[in-house]
Amino acid sequence: MKLLSRLRAGWAQLAPGEFAIGAACCPFCGPSLFVRLNHTESGLRCVRCAASSVHLSIGLAVAQTLPDLSERDVCELSAAGPYVAHLRRRARSAAFSEYHPEVAPGTTWQGVRCEDVQALTWPDAGFDLVTHTEVFEHVPDDARGFAELRRVLRPGGRMLFTVPLSDAEHTVERARLVGGKIEHLLPPEYHVDPFKGDAPVLVFRDYGRDIVQRLQQAGFDEVRIMRPAFALDWAPLRHVVSARAA
Ligand SMILES: [Zn+2]
């Protein structure tokens with residue numbers, strides 16, 4: 001039973017004083033129950049489809065920005081999970097990819113197309129919506145990455161994404177690539193990538209509010225930082241950045 005194994009995995013995360021449960025409509029699986037096992041972002045789950053806080057935030061933001069995907073061509077920079085399954089069902093077309101440093105962009109590894117967001121192999125202006133979650137803090141040249149996503153979007157198309165976002169005015173660069181070598185400007189910080197067996201992935205920067213200007217410089221307008229509306233106000237949802245291809 002999938003549900004039982006999820007509950008068992010959840011038990012390990014449970015902080016009894018922080019537990020909450022409530023019914024709401026999941027953007028992926030419809031009427032469902034949501035549990036908060038603890039106050040961390042990974043502590044929230046949809047009981048039916050296991051959507052996490054990040055999945056839920058991007059799913060709600062997409063539903064609130066583009067309610068009907070049936071006439072939209074969508075590109076998402078991941079290839080598994082309830083959000084990907086939702087796009088497969090709802091969008092006119094959906095392209096999925098993961099990043100793997102040892103796989104040539106545009107080719108397939110373990111059944112998944114690999115792409116480097118700094119050098120995408122998709123043609124210009126092929127998508128109405130591009131989305132990504134927790135990707136850009138790991139991209140060495142994020143200006144190039146944003147410009148590439150602008151290139152593959154049709155004019156007027158939307159980009160919606162999450163990154164760890166602080167209230168600081170300016171983005172803090174933690175590392176940079178110099179002549180192909182990583183130079184650390186701050187003590188290295190890593191996240192894990194489930195696509196590569198939970199391999200550690202370096203965090204290149206901590207984004208601040210100037211992400212808006214960074215996107216404008218890459219050819220986006222109507223940039224805003226939204227907090228998706230959700231019936232359960234105790235759910236720790238993420239901010240979602242919304243930008244329009246100018
Ligand atoms: Zn769900």
# chains A, B, ... in the order shown; residues from 1 in each chain; ligands from 1
>>> residues_near_ligand(ligand="ligand 1", cutoff="8 Å", atoms="only C-alpha atoms and all ligand atoms", output="list in words")
Cys25, Cys26, Pro27, Phe28, Cys29, Gly30, Pro31, Ser32, Cys46, Val47, Arg48, Cys49, Ala50, Ala51 and Pro82 of chain A
>>> write_last_selection(atoms="C-alpha atoms", output="PDB file, in the first residue's frame")
ATOM      1  CA  CYS A  25      -8.374  20.691  -2.989  1.00  0.00           C
ATOM      2  CA  CYS A  26      -5.018  19.508  -4.304  1.00  0.00           C
ATOM      3  CA  PRO A  27      -4.100  21.083  -7.657  1.00  0.00           C
ATOM      4  CA  PHE A  28      -2.952  17.634  -8.840  1.00  0.00           C
ATOM      5  CA  CYS A  29      -5.328  15.035  -7.357  1.00  0.00           C
ATOM      6  CA  GLY A  30      -8.464  16.988  -6.345  1.00  0.00           C
ATOM      7  CA  PRO A  31     -10.193  16.782  -2.921  1.00  0.00           C
ATOM      8  CA  SER A  32      -7.640  15.482  -0.446  1.00  0.00           C
ATOM      9  CA  CYS A  46      -0.813  15.759   0.234  1.00  0.00           C
ATOM     10  CA  VAL A  47      -1.902  12.383   1.620  1.00  0.00           C
ATOM     11  CA  ARG A  48      -3.179  11.147  -1.757  1.00  0.00           C
ATOM     12  CA  CYS A  49      -0.458  12.161  -4.240  1.00  0.00           C
ATOM     13  CA  ALA A  50       2.401  12.974  -1.819  1.00  0.00           C
ATOM     14  CA  ALA A  51       2.825  16.491  -3.277  1.00  0.00           C
ATOM     15  CA  PRO A  82       2.965  14.629  -9.017  1.00  0.00           C
TER      16      PRO A  82
END
>>> select_by_dssp(residues="range 16-127 of chain A", states="strand (DSSP E or B)", output="ChimeraX atom specification")
/A:20-26,30-36,44-46,73-76,93-96,98,108-109,112-114,127
>>> residues_around(residues="Leu237 in chain A", least_positions_apart="2", cutoff="8 Å", atoms="only C-alpha atoms", output="number ranges by chain")
A: 41, 53-54, 56-57, 227-228, 235, 239
>>> select_by_dssp(residues="range 82-141 of chain A", states="alpha helix (DSSP H)", output="list in words")
Pro82, Tyr83, Val84, Ala85, His86, Leu87, Arg88, Arg89 and Arg90 of chain A
>>> write_last_selection(atoms="N, CA, C and O atoms", output="PDB file, in the first residue's frame")
ATOM      1  N   PRO A  82       4.386  14.352  -8.734  1.00  0.00           N
ATOM      2  CA  PRO A  82       2.965  14.629  -9.017  1.00  0.00           C
ATOM      3  C   PRO A  82       2.750  15.831  -9.932  1.00  0.00           C
ATOM      4  O   PRO A  82       1.793  15.849 -10.710  1.00  0.00           O
ATOM      5  N   TYR A  83       3.644  16.820  -9.885  1.00  0.00           N
ATOM      6  CA  TYR A  83       3.481  17.990 -10.764  1.00  0.00           C
ATOM      7  C   TYR A  83       3.725  17.589 -12.223  1.00  0.00           C
ATOM      8  O   TYR A  83       2.973  17.969 -13.128  1.00  0.00           O
ATOM      9  N   VAL A  84       4.766  16.801 -12.456  1.00  0.00           N
ATOM     10  CA  VAL A  84       5.074  16.311 -13.808  1.00  0.00           C
ATOM     11  C   VAL A  84       3.911  15.466 -14.334  1.00  0.00           C
ATOM     12  O   VAL A  84       3.477  15.629 -15.481  1.00  0.00           O
ATOM     13  N   ALA A  85       3.380  14.583 -13.492  1.00  0.00           N
ATOM     14  CA  ALA A  85       2.254  13.737 -13.909  1.00  0.00           C
ATOM     15  C   ALA A  85       1.046  14.601 -14.268  1.00  0.00           C
ATOM     16  O   ALA A  85       0.335  14.332 -15.245  1.00  0.00           O
ATOM     17  N   HIS A  86       0.838  15.658 -13.506  1.00  0.00           N
ATOM     18  CA  HIS A  86      -0.275  16.577 -13.759  1.00  0.00           C
ATOM     19  C   HIS A  86      -0.115  17.264 -15.125  1.00  0.00           C
ATOM     20  O   HIS A  86      -1.068  17.347 -15.908  1.00  0.00           O
ATOM     21  N   LEU A  87       1.095  17.740 -15.425  1.00  0.00           N
ATOM     22  CA  LEU A  87       1.331  18.395 -16.720  1.00  0.00           C
ATOM     23  C   LEU A  87       1.133  17.414 -17.869  1.00  0.00           C
ATOM     24  O   LEU A  87       0.584  17.766 -18.915  1.00  0.00           O
ATOM     25  N   ARG A  88       1.588  16.188 -17.679  1.00  0.00           N
ATOM     26  CA  ARG A  88       1.399  15.154 -18.711  1.00  0.00           C
ATOM     27  C   ARG A  88      -0.076  14.970 -19.039  1.00  0.00           C
ATOM     28  O   ARG A  88      -0.451  14.790 -20.188  1.00  0.00           O
ATOM     29  N   ARG A  89      -0.915  15.018 -18.012  1.00  0.00           N
ATOM     30  CA  ARG A  89      -2.359  14.820 -18.215  1.00  0.00           C
ATOM     31  C   ARG A  89      -3.024  16.055 -18.796  1.00  0.00           C
ATOM     32  O   ARG A  89      -3.933  15.960 -19.612  1.00  0.00           O
ATOM     33  N   ARG A  90      -2.606  17.249 -18.397  1.00  0.00           N
ATOM     34  CA  ARG A  90      -3.393  18.453 -18.671  1.00  0.00           C
ATOM     35  C   ARG A  90      -2.901  19.319 -19.822  1.00  0.00           C
ATOM     36  O   ARG A  90      -3.696  20.022 -20.430  1.00  0.00           O
TER      37      ARG A  90
END
>>> residues_around(residues="range 150-165 of chain A", least_positions_apart="5", cutoff="8 Å", atoms="only C-alpha atoms", output="PyMOL selection string")
chain A and resi 54+58+61-62+122-137+206-209+218-220+238-246
>>> atom_distance(atom1="CA of Pro105 in chain A", atom2="CA of Gly179 in chain A")
20.4 Å
>>> atom_distance(atom1="CA of Pro101 in chain A", atom2="CA of Arg144 in chain A")
16.8 Å
>>> closest_residue(among="A:Val112, A:Ala229, A:Ala94, A:Trp11", to="Glu71 in chain A", atoms="only C-alpha atoms")
A:Ala94
>>> decode(residues="range 89-200 of chain A", atoms="C-alpha atoms", output="PDB file, in the first residue's frame")
ATOM      1  CA  ARG A  89      -2.359  14.820 -18.215  1.00  0.00           C
ATOM      2  CA  ARG A  90      -3.393  18.453 -18.671  1.00  0.00           C
ATOM      3  CA  ALA A  91      -1.087  20.281 -21.084  1.00  0.00           C
ATOM      4  CA  ARG A  92      -1.371  20.155 -24.887  1.00  0.00           C
ATOM      5  CA  SER A  93       2.259  19.110 -24.885  1.00  0.00           C
ATOM      6  CA  ALA A  94       4.780  18.838 -22.103  1.00  0.00           C
ATOM      7  CA  ALA A  95       8.572  18.568 -22.317  1.00  0.00           C
ATOM      8  CA  PHE A  96      10.497  17.387 -19.269  1.00  0.00           C
ATOM      9  CA  SER A  97      14.192  17.338 -18.576  1.00  0.00           C
ATOM     10  CA  GLU A  98      16.773  16.918 -15.830  1.00  0.00           C
ATOM     11  CA  TYR A  99      20.340  18.149 -15.626  1.00  0.00           C
ATOM     12  CA  HIS A 100      23.203  15.678 -15.533  1.00  0.00           C
ATOM     13  CA  PRO A 101      26.755  17.040 -15.802  1.00  0.00           C
ATOM     14  CA  GLU A 102      28.000  13.959 -17.678  1.00  0.00           C
ATOM     15  CA  VAL A 103      25.170  13.652 -20.202  1.00  0.00           C
ATOM     16  CA  ALA A 104      25.186  15.711 -23.420  1.00  0.00           C
ATOM     17  CA  PRO A 105      22.292  18.221 -23.509  1.00  0.00           C
ATOM     18  CA  GLY A 106      19.387  16.983 -25.611  1.00  0.00           C
ATOM     19  CA  THR A 107      20.198  13.302 -25.123  1.00  0.00           C
ATOM     20  CA  THR A 108      18.496  10.749 -22.921  1.00  0.00           C
ATOM     21  CA  TRP A 109      19.840   9.083 -19.784  1.00  0.00           C
ATOM     22  CA  GLN A 110      17.827   6.418 -17.949  1.00  0.00           C
ATOM     23  CA  GLY A 111      14.799   7.334 -20.047  1.00  0.00           C
ATOM     24  CA  VAL A 112      14.973  11.037 -19.171  1.00  0.00           C
ATOM     25  CA  ARG A 113      15.978  13.861 -21.510  1.00  0.00           C
ATOM     26  CA  CYS A 114      18.891  15.831 -20.104  1.00  0.00           C
ATOM     27  CA  GLU A 115      19.265  19.560 -20.684  1.00  0.00           C
ATOM     28  CA  ASP A 116      21.584  22.272 -19.430  1.00  0.00           C
ATOM     29  CA  VAL A 117      19.482  25.377 -18.856  1.00  0.00           C
ATOM     30  CA  GLN A 118      22.487  27.503 -19.877  1.00  0.00           C
ATOM     31  CA  ALA A 119      22.481  25.874 -23.354  1.00  0.00           C
ATOM     32  CA  LEU A 120      19.052  24.408 -24.116  1.00  0.00           C
ATOM     33  CA  THR A 121      18.637  22.310 -27.267  1.00  0.00           C
ATOM     34  CA  TRP A 122      14.980  23.268 -27.794  1.00  0.00           C
ATOM     35  CA  PRO A 123      14.194  25.673 -30.673  1.00  0.00           C
ATOM     36  CA  ASP A 124      13.180  29.299 -30.148  1.00  0.00           C
ATOM     37  CA  ALA A 125       9.641  30.219 -29.101  1.00  0.00           C
ATOM     38  CA  GLY A 126       8.233  26.694 -28.720  1.00  0.00           C
ATOM     39  CA  PHE A 127       6.571  26.967 -25.288  1.00  0.00           C
ATOM     40  CA  ASP A 128       3.780  28.957 -23.630  1.00  0.00           C
ATOM     41  CA  LEU A 129       4.872  28.092 -20.092  1.00  0.00           C
ATOM     42  CA  VAL A 130       8.199  27.106 -18.563  1.00  0.00           C
ATOM     43  CA  THR A 131       8.457  26.068 -14.927  1.00  0.00           C
ATOM     44  CA  HIS A 132      11.193  24.936 -12.577  1.00  0.00           C
ATOM     45  CA  THR A 133      11.540  24.425  -8.850  1.00  0.00           C
ATOM     46  CA  GLU A 134      14.714  24.740  -6.783  1.00  0.00           C
ATOM     47  CA  VAL A 135      16.946  24.745  -9.873  1.00  0.00           C
ATOM     48  CA  PHE A 136      18.403  28.212 -10.395  1.00  0.00           C
ATOM     49  CA  GLU A 137      20.333  28.506  -7.153  1.00  0.00           C
ATOM     50  CA  HIS A 138      22.461  25.679  -8.655  1.00  0.00           C
ATOM     51  CA  VAL A 139      23.041  27.250 -12.104  1.00  0.00           C
ATOM     52  CA  PRO A 140      26.530  28.784 -12.421  1.00  0.00           C
ATOM     53  CA  ASP A 141      25.527  31.412 -15.017  1.00  0.00           C
ATOM     54  CA  ASP A 142      21.945  32.196 -14.081  1.00  0.00           C
ATOM     55  CA  ALA A 143      21.699  35.212 -16.438  1.00  0.00           C
ATOM     56  CA  ARG A 144      22.402  32.876 -19.342  1.00  0.00           C
ATOM     57  CA  GLY A 145      19.929  30.333 -17.984  1.00  0.00           C
ATOM     58  CA  PHE A 146      17.141  32.901 -17.696  1.00  0.00           C
ATOM     59  CA  ALA A 147      17.941  34.206 -21.209  1.00  0.00           C
ATOM     60  CA  GLU A 148      17.740  30.654 -22.558  1.00  0.00           C
ATOM     61  CA  LEU A 149      14.317  30.127 -20.993  1.00  0.00           C
ATOM     62  CA  ARG A 150      13.224  33.472 -22.454  1.00  0.00           C
ATOM     63  CA  ARG A 151      14.420  32.235 -25.858  1.00  0.00           C
ATOM     64  CA  VAL A 152      12.367  29.031 -25.802  1.00  0.00           C
ATOM     65  CA  LEU A 153       9.234  30.889 -24.655  1.00  0.00           C
ATOM     66  CA  ARG A 154       6.825  32.474 -27.121  1.00  0.00           C
ATOM     67  CA  PRO A 155       6.468  36.238 -26.671  1.00  0.00           C
ATOM     68  CA  GLY A 156       3.867  36.738 -23.943  1.00  0.00           C
ATOM     69  CA  GLY A 157       4.597  33.264 -22.539  1.00  0.00           C
ATOM     70  CA  ARG A 158       5.012  32.727 -18.804  1.00  0.00           C
ATOM     71  CA  MET A 159       7.751  31.469 -16.558  1.00  0.00           C
ATOM     72  CA  LEU A 160       6.830  30.363 -13.040  1.00  0.00           C
ATOM     73  CA  PHE A 161       9.415  29.026 -10.614  1.00  0.00           C
ATOM     74  CA  THR A 162      10.595  28.633  -7.060  1.00  0.00           C
ATOM     75  CA  VAL A 163      14.060  29.225  -5.637  1.00  0.00           C
ATOM     76  CA  PRO A 164      15.101  29.726  -2.037  1.00  0.00           C
ATOM     77  CA  LEU A 165      14.322  33.435  -1.736  1.00  0.00           C
ATOM     78  CA  SER A 166      15.361  35.655   1.149  1.00  0.00           C
ATOM     79  CA  ASP A 167      14.062  39.063   2.143  1.00  0.00           C
ATOM     80  CA  ALA A 168      17.506  40.559   1.511  1.00  0.00           C
ATOM     81  CA  GLU A 169      17.631  43.344  -1.035  1.00  0.00           C
ATOM     82  CA  HIS A 170      20.542  41.822  -2.956  1.00  0.00           C
ATOM     83  CA  THR A 171      21.392  38.328  -4.102  1.00  0.00           C
ATOM     84  CA  VAL A 172      24.465  36.895  -2.401  1.00  0.00           C
ATOM     85  CA  GLU A 173      26.833  34.983  -4.685  1.00  0.00           C
ATOM     86  CA  ARG A 174      28.234  31.985  -2.787  1.00  0.00           C
ATOM     87  CA  ALA A 175      30.392  30.533  -5.569  1.00  0.00           C
ATOM     88  CA  ARG A 176      31.328  31.143  -9.199  1.00  0.00           C
ATOM     89  CA  LEU A 177      32.907  29.338 -12.111  1.00  0.00           C
ATOM     90  CA  VAL A 178      36.266  30.772 -13.170  1.00  0.00           C
ATOM     91  CA  GLY A 179      37.890  29.071 -16.160  1.00  0.00           C
ATOM     92  CA  GLY A 180      35.767  25.975 -15.558  1.00  0.00           C
ATOM     93  CA  LYS A 181      36.790  25.745 -11.883  1.00  0.00           C
ATOM     94  CA  ILE A 182      34.553  26.461  -8.915  1.00  0.00           C
ATOM     95  CA  GLU A 183      35.688  29.331  -6.736  1.00  0.00           C
ATOM     96  CA  HIS A 184      33.970  29.498  -3.344  1.00  0.00           C
ATOM     97  CA  LEU A 185      33.166  32.990  -2.101  1.00  0.00           C
ATOM     98  CA  LEU A 186      31.381  31.669   1.004  1.00  0.00           C
ATOM     99  CA  PRO A 187      31.486  28.302   2.798  1.00  0.00           C
ATOM    100  CA  PRO A 188      29.995  25.781   0.335  1.00  0.00           C
ATOM    101  CA  GLU A 189      26.375  24.801   0.798  1.00  0.00           C
ATOM    102  CA  TYR A 190      24.754  21.820  -0.911  1.00  0.00           C
ATOM    103  CA  HIS A 191      21.274  20.527  -1.652  1.00  0.00           C
ATOM    104  CA  VAL A 192      20.556  16.958  -2.748  1.00  0.00           C
ATOM    105  CA  ASP A 193      19.396  15.914  -6.217  1.00  0.00           C
ATOM    106  CA  PRO A 194      17.135  12.835  -6.179  1.00  0.00           C
ATOM    107  CA  PHE A 195      17.656  12.418  -9.974  1.00  0.00           C
ATOM    108  CA  LYS A 196      21.315  11.598  -9.324  1.00  0.00           C
ATOM    109  CA  GLY A 197      20.736   9.375  -6.309  1.00  0.00           C
ATOM    110  CA  ASP A 198      20.608  12.283  -3.844  1.00  0.00           C
ATOM    111  CA  ALA A 199      24.045  13.521  -4.954  1.00  0.00           C
ATOM    112  CA  PRO A 200      25.026  16.840  -3.345  1.00  0.00           C
TER     113      PRO A 200
END
